[in-house]
Amino acid sequence: MTLSAREVDQLKHAPAVAGVLPAIHHRWSPRAFQDREVSPADLAKVFEAARWAPSSNNEQPWRYIVGLRNTVTHEKIAATLAGFNQAWAPKAPVLMLGVASGVSRNGKPNGYAFYDLGAATALLAVQATAMGLAAHQMGGFDHDAIRKALEIPGDYLLGSVIALGYLGEPALLSNDHLIESETTPRSRKPLSEIVLSAWDEPAELD
Ligand SMILES: Cc1cc2nc3c(=O)[nH]c(=O)nc-3n(C[C@H](O)[C@H](O)[C@H](O)COP(=O)(O)O)c2cc1C
């Protein structure tokens with residue numbers, strides 16, 4: 001029997017660690033979304049979080065092109081998705097594309113643009129989680145097609161397409177493979193593998 005959305009949400013939470021923001025442990029990337037719109041006021045809050053991300057030289061190179069369901073922009077983004085994303089993402093009430101200017105204010109290349117876009121999008125996702133929303137990023141889309149469809153200038157780097165909405169029932173997903181990944185717990189590398197005091201030497205953290 002397929003788990004309910006509520007059960008899945010619990011199963012996807014990272015184990016709580018005292019002192020870590022719950023929204024960080026509760027964030028995950030769902031594929032099933034409710035048939036419920038996100039209000040413009042809530043969308044503004046999600047982008048407010050991205051707006052206050054740090055960036056190299058405070059360039060704020062990020063831009064988000066947002067498509068609400070039943071708009072041309074939503075349709076254009078959905079049409080560029082790879083097949084494995086086509087199977088679920090077009091049902092999300094919001095689809096957006098994150099891009100970053102590869103050129104700094106001084107006209108020189110901005111080598112940190114992509115990095116900064118990632119930081120802004122991470123904050124966006126955590127803010128969404130804190131508000132009871134969920135965001136799912138995708139790299140699986142046709143880059144040339146989306147650049148053309150959304151008329152993105154050539155000096156902007158393409159980041160991810162982001163599906164945003166309210167968590168839906170896994171049973172609504174269109175195939176068993178999607179249901180299985182929706183109902184499998186998340187995993188991460190241990191801190192000892194990613195935090196080092198020297199190369200190949202885990203930092204002692206407690
Ligand atoms: C840059 C980027 C690209 C991704 N591309 C896809 C994608 O095309 N399709 C998809 O279903 N998930 C995609 N994901 C979601 C990841 O698979 C997911 O974040 C990862 O498995 C960790 O799971 P969690 O976000 O639930 O913790 C992408 C995530 C990121 C950050």
# chains A, B, ... in the order shown; residues from 1 in each chain; ligands from 1
>>> residues_around(residues="Ala122 (chain A)", least_positions_apart="4", cutoff="10 Å", atoms="only C-alpha atoms", output="list in words")
Ile24, Ala49, Ala50, Ala53, Asp116, Leu117, Gly118, Val126, Gln127, Ala128, Ala135 and Gln137 of chain A
>>> closest_atom_pairs(of="chain A", to="ligand 1", cutoff="8 Å", atoms="only C-alpha atoms and all ligand atoms", output="CSV")
residue,atom,partner,partner_atom_place_in_ligand_line,distance
A:Lys12,CA,ligand 1,26 (O),7.3
A:Arg27,CA,ligand 1,27 (O),6.7
A:Trp28,CA,ligand 1,26 (O),3.5
A:Ser29,CA,ligand 1,26 (O),3.8
A:Pro30,CA,ligand 1,26 (O),6.6
A:Arg31,CA,ligand 1,11 (O),7.1
A:Ala82,CA,ligand 1,8 (O),7.4
A:Phe84,CA,ligand 1,9 (N),7.0
A:Asn85,CA,ligand 1,9 (N),5.6
A:His136,CA,ligand 1,15 (C),6.1
A:Gln137,CA,ligand 1,29 (C),4.7
A:Met138,CA,ligand 1,5 (N),3.3
A:Gly139,CA,ligand 1,5 (N),3.8
A:Gly140,CA,ligand 1,8 (O),3.5
A:Phe141,CA,ligand 1,8 (O),6.9
A:Gly159,CA,ligand 1,1 (C),7.1
A:Ser160,CA,ligand 1,1 (C),5.6
A:Arg186,CA,ligand 1,27 (O),6.1
A:Ser187,CA,ligand 1,27 (O),7.6
>>> write_last_selection(atoms="N, CA, C and O atoms", output="PDB file, in the first residue's frame")
ATOM      1  N   LYS A  12      10.758  11.321   5.129  1.00  0.00           N
ATOM      2  CA  LYS A  12      11.809  12.056   4.403  1.00  0.00           C
ATOM      3  C   LYS A  12      12.581  13.019   5.303  1.00  0.00           C
ATOM      4  O   LYS A  12      13.651  13.483   4.928  1.00  0.00           O
ATOM      5  N   ARG A  27      13.354  19.825   4.724  1.00  0.00           N
ATOM      6  CA  ARG A  27      13.333  20.058   3.276  1.00  0.00           C
ATOM      7  C   ARG A  27      13.650  18.775   2.519  1.00  0.00           C
ATOM      8  O   ARG A  27      14.576  18.066   2.857  1.00  0.00           O
ATOM      9  N   TRP A  28      12.864  18.463   1.544  1.00  0.00           N
ATOM     10  CA  TRP A  28      13.202  17.380   0.622  1.00  0.00           C
ATOM     11  C   TRP A  28      12.553  17.693  -0.721  1.00  0.00           C
ATOM     12  O   TRP A  28      11.818  18.669  -0.835  1.00  0.00           O
ATOM     13  N   SER A  29      12.852  16.895  -1.716  1.00  0.00           N
ATOM     14  CA  SER A  29      12.428  17.215  -3.084  1.00  0.00           C
ATOM     15  C   SER A  29      11.317  16.267  -3.539  1.00  0.00           C
ATOM     16  O   SER A  29      11.596  15.190  -4.085  1.00  0.00           O
ATOM     17  N   PRO A  30      10.072  16.655  -3.331  1.00  0.00           N
ATOM     18  CA  PRO A  30       8.968  15.766  -3.717  1.00  0.00           C
ATOM     19  C   PRO A  30       8.645  15.860  -5.206  1.00  0.00           C
ATOM     20  O   PRO A  30       9.023  16.825  -5.873  1.00  0.00           O
ATOM     21  N   ARG A  31       7.927  14.865  -5.667  1.00  0.00           N
ATOM     22  CA  ARG A  31       7.458  14.898  -7.059  1.00  0.00           C
ATOM     23  C   ARG A  31       5.933  14.942  -7.140  1.00  0.00           C
ATOM     24  O   ARG A  31       5.384  15.223  -8.198  1.00  0.00           O
ATOM     25  N   ALA A  82      12.992  17.221 -19.501  1.00  0.00           N
ATOM     26  CA  ALA A  82      13.331  15.871 -19.957  1.00  0.00           C
ATOM     27  C   ALA A  82      12.188  14.920 -19.581  1.00  0.00           C
ATOM     28  O   ALA A  82      11.435  15.194 -18.637  1.00  0.00           O
ATOM     29  N   PHE A  84      11.862  12.178 -17.930  1.00  0.00           N
ATOM     30  CA  PHE A  84      11.677  11.704 -16.550  1.00  0.00           C
ATOM     31  C   PHE A  84      11.136  12.809 -15.640  1.00  0.00           C
ATOM     32  O   PHE A  84      10.568  12.528 -14.590  1.00  0.00           O
ATOM     33  N   ASN A  85      11.293  14.060 -16.044  1.00  0.00           N
ATOM     34  CA  ASN A  85      10.687  15.156 -15.277  1.00  0.00           C
ATOM     35  C   ASN A  85       9.289  15.503 -15.810  1.00  0.00           C
ATOM     36  O   ASN A  85       8.429  15.951 -15.050  1.00  0.00           O
ATOM     37  N   HIS A 136      11.430  21.489  -5.664  1.00  0.00           N
ATOM     38  CA  HIS A 136      12.211  20.394  -6.248  1.00  0.00           C
ATOM     39  C   HIS A 136      12.956  20.943  -7.462  1.00  0.00           C
ATOM     40  O   HIS A 136      12.347  21.337  -8.453  1.00  0.00           O
ATOM     41  N   GLN A 137      14.286  20.957  -7.348  1.00  0.00           N
ATOM     42  CA  GLN A 137      15.101  21.461  -8.456  1.00  0.00           C
ATOM     43  C   GLN A 137      15.328  20.377  -9.499  1.00  0.00           C
ATOM     44  O   GLN A 137      15.407  19.198  -9.176  1.00  0.00           O
ATOM     45  N   MET A 138      15.503  20.827 -10.732  1.00  0.00           N
ATOM     46  CA  MET A 138      15.777  19.897 -11.840  1.00  0.00           C
ATOM     47  C   MET A 138      16.854  20.449 -12.762  1.00  0.00           C
ATOM     48  O   MET A 138      16.804  21.620 -13.145  1.00  0.00           O
ATOM     49  N   GLY A 139      17.782  19.534 -13.100  1.00  0.00           N
ATOM     50  CA  GLY A 139      18.747  19.864 -14.146  1.00  0.00           C
ATOM     51  C   GLY A 139      18.351  19.210 -15.458  1.00  0.00           C
ATOM     52  O   GLY A 139      18.954  19.481 -16.495  1.00  0.00           O
ATOM     53  N   GLY A 140      17.346  18.353 -15.394  1.00  0.00           N
ATOM     54  CA  GLY A 140      16.910  17.623 -16.578  1.00  0.00           C
ATOM     55  C   GLY A 140      15.927  18.424 -17.415  1.00  0.00           C
ATOM     56  O   GLY A 140      14.703  18.277 -17.276  1.00  0.00           O
ATOM     57  N   PHE A 141      16.485  19.291 -18.265  1.00  0.00           N
ATOM     58  CA  PHE A 141      15.658  20.055 -19.211  1.00  0.00           C
ATOM     59  C   PHE A 141      16.533  20.415 -20.404  1.00  0.00           C
ATOM     60  O   PHE A 141      17.770  20.375 -20.317  1.00  0.00           O
ATOM     61  N   GLY A 159      20.624  27.806 -14.536  1.00  0.00           N
ATOM     62  CA  GLY A 159      20.751  26.994 -13.325  1.00  0.00           C
ATOM     63  C   GLY A 159      19.779  25.838 -13.384  1.00  0.00           C
ATOM     64  O   GLY A 159      19.856  24.989 -14.273  1.00  0.00           O
ATOM     65  N   SER A 160      18.858  25.816 -12.449  1.00  0.00           N
ATOM     66  CA  SER A 160      17.892  24.714 -12.410  1.00  0.00           C
ATOM     67  C   SER A 160      16.480  25.217 -12.683  1.00  0.00           C
ATOM     68  O   SER A 160      16.175  26.387 -12.462  1.00  0.00           O
ATOM     69  N   ARG A 186      15.594   9.447   2.693  1.00  0.00           N
ATOM     70  CA  ARG A 186      16.752  10.134   2.127  1.00  0.00           C
ATOM     71  C   ARG A 186      18.034   9.696   2.845  1.00  0.00           C
ATOM     72  O   ARG A 186      17.977   9.213   3.970  1.00  0.00           O
ATOM     73  N   SER A 187      19.150   9.885   2.192  1.00  0.00           N
ATOM     74  CA  SER A 187      20.418   9.541   2.840  1.00  0.00           C
ATOM     75  C   SER A 187      21.447  10.623   2.546  1.00  0.00           C
ATOM     76  O   SER A 187      21.323  11.364   1.575  1.00  0.00           O
TER      77      SER A 187
END
>>> select_by_dssp(residues="chain A", states="strand (DSSP E or B)", output="VMD selection string")
chain A and resid 33 62 to 68 81 94 to 101 103 109 134 to 138 141 156 to 165 167 196 to 198 201 to 202
>>> select_by_dssp(residues="region 15-190 of chain A", states="alpha helix (DSSP H)", output="NGL selection string")
:A and (22-26 or 40-51 or 72-79 or 83-86 or 113-130 or 143-149 or 176-182)
>>> residues_around(residues="Val94 (chain A)", least_positions_apart="4", cutoff="7 Å", atoms="only C-alpha atoms", output="PyMOL selection string")
chain A and resi 67-69+163-165
>>> closest_residue(among="A:Ala78, A:His26, A:Asp144, A:Ser101", to="Ala14 (chain A)", atoms="only C-alpha atoms")
A:His26
>>> atom_distance(atom1="CA of Leu173 (chain A)", atom2="CA of Phe33 (chain A)")
9.0 Å
>>> closest_residue(among="A:Gly168, A:Glu180, A:Trp199, A:Ala119", to="Gly132 (chain A)", atoms="only C-alpha atoms")
A:Gly168
>>> residues_around(residues="Tyr112 (chain A)", least_positions_apart="6", cutoff="9 Å", atoms="only C-alpha atoms", output="list in words")
Ser55, Ser56, Pro61 and Gly102 of chain A
>>> write_last_selection(atoms="N, CA, C and O atoms", output="PDB file, in the first residue's frame")
ATOM      1  N   SER A  55      26.354  37.027  -1.978  1.00  0.00           N
ATOM      2  CA  SER A  55      26.906  36.794  -3.322  1.00  0.00           C
ATOM      3  C   SER A  55      28.241  37.502  -3.449  1.00  0.00           C
ATOM      4  O   SER A  55      28.482  38.510  -2.763  1.00  0.00           O
ATOM      5  N   SER A  56      29.061  36.999  -4.300  1.00  0.00           N
ATOM      6  CA  SER A  56      30.389  37.583  -4.513  1.00  0.00           C
ATOM      7  C   SER A  56      30.234  39.047  -4.941  1.00  0.00           C
ATOM      8  O   SER A  56      29.493  39.351  -5.894  1.00  0.00           O
ATOM      9  N   PRO A  61      23.640  38.028  -8.836  1.00  0.00           N
ATOM     10  CA  PRO A  61      23.537  37.724 -10.263  1.00  0.00           C
ATOM     11  C   PRO A  61      22.287  36.926 -10.646  1.00  0.00           C
ATOM     12  O   PRO A  61      22.004  36.725 -11.817  1.00  0.00           O
ATOM     13  N   GLY A 102      26.493  35.880 -16.029  1.00  0.00           N
ATOM     14  CA  GLY A 102      27.904  35.479 -16.030  1.00  0.00           C
ATOM     15  C   GLY A 102      28.844  36.658 -16.166  1.00  0.00           C
ATOM     16  O   GLY A 102      30.060  36.484 -16.194  1.00  0.00           O
TER      17      GLY A 102
END
>>> residues_around(residues="Glu7 (chain A)", least_positions_apart="4", cutoff="10 Å", atoms="only C-alpha atoms", output="MDAnalysis selection string")
chainID A and resid 2:3 11:12 169:170 183
>>> residues_around(residues="Val99 (chain A)", least_positions_apart="2", cutoff="12 Å", atoms="only C-alpha atoms", output="PyMOL selection string")
chain A and resi 60-66+96-97+101-102+113-118+120-121+143+146-147+150-162
>>> write_last_selection(atoms="C-alpha atoms", output="PDB file, in the first residue's frame")
ATOM      1  CA  GLN A  60      23.164  39.368  -6.852  1.00  0.00           C
ATOM      2  CA  PRO A  61      23.537  37.724 -10.263  1.00  0.00           C
ATOM      3  CA  TRP A  62      20.410  35.575  -9.907  1.00  0.00           C
ATOM      4  CA  ARG A  63      17.132  36.022 -11.777  1.00  0.00           C
ATOM      5  CA  TYR A  64      14.082  33.740 -11.553  1.00  0.00           C
ATOM      6  CA  ILE A  65      11.597  33.425 -14.394  1.00  0.00           C
ATOM      7  CA  VAL A  66       8.388  32.267 -12.763  1.00  0.00           C
ATOM      8  CA  MET A  96      10.518  28.546 -12.472  1.00  0.00           C
ATOM      9  CA  LEU A  97      13.946  28.796 -14.009  1.00  0.00           C
ATOM     10  CA  SER A 101      24.470  36.730 -15.049  1.00  0.00           C
ATOM     11  CA  GLY A 102      27.904  35.479 -16.030  1.00  0.00           C
ATOM     12  CA  ALA A 113      27.652  33.624 -10.582  1.00  0.00           C
ATOM     13  CA  PHE A 114      26.618  29.993 -10.603  1.00  0.00           C
ATOM     14  CA  TYR A 115      27.759  29.522  -7.024  1.00  0.00           C
ATOM     15  CA  ASP A 116      25.701  32.524  -5.926  1.00  0.00           C
ATOM     16  CA  LEU A 117      22.617  31.294  -7.769  1.00  0.00           C
ATOM     17  CA  GLY A 118      22.951  27.990  -5.910  1.00  0.00           C
ATOM     18  CA  ALA A 120      20.069  31.863  -3.337  1.00  0.00           C
ATOM     19  CA  THR A 121      18.146  28.806  -4.480  1.00  0.00           C
ATOM     20  CA  HIS A 143      18.918  24.086 -22.171  1.00  0.00           C
ATOM     21  CA  ILE A 146      14.407  26.864 -22.566  1.00  0.00           C
ATOM     22  CA  ARG A 147      16.827  29.689 -23.420  1.00  0.00           C
ATOM     23  CA  LEU A 150      12.096  32.273 -22.369  1.00  0.00           C
ATOM     24  CA  GLU A 151      14.387  34.581 -24.369  1.00  0.00           C
ATOM     25  CA  ILE A 152      17.244  34.336 -21.855  1.00  0.00           C
ATOM     26  CA  PRO A 153      20.206  36.515 -22.954  1.00  0.00           C
ATOM     27  CA  GLY A 154      23.378  34.660 -23.905  1.00  0.00           C
ATOM     28  CA  ASP A 155      25.410  36.075 -21.004  1.00  0.00           C
ATOM     29  CA  TYR A 156      23.095  34.436 -18.428  1.00  0.00           C
ATOM     30  CA  LEU A 157      23.987  30.961 -17.168  1.00  0.00           C
ATOM     31  CA  LEU A 158      21.141  28.477 -16.824  1.00  0.00           C
ATOM     32  CA  GLY A 159      20.751  26.994 -13.325  1.00  0.00           C
ATOM     33  CA  SER A 160      17.892  24.714 -12.410  1.00  0.00           C
ATOM     34  CA  VAL A 161      14.205  24.525 -13.141  1.00  0.00           C
ATOM     35  CA  ILE A 162      12.381  24.531  -9.804  1.00  0.00           C
TER      36      ILE A 162
END
>>> atom_distance(atom1="CA of Ser39 (chain A)", atom2="CA of His13 (chain A)")
25.1 Å
>>> closest_residue(among="A:Pro90, A:Pro185, A:Ala5, A:Leu178", to="Lys76 (chain A)", atoms="only C-alpha atoms")
A:Pro90
>>> closest_residue(among="A:Pro202, A:Ala130, A:Leu124, A:Gly107", to="Ala44 (chain A)", atoms="only C-alpha atoms")
A:Leu124
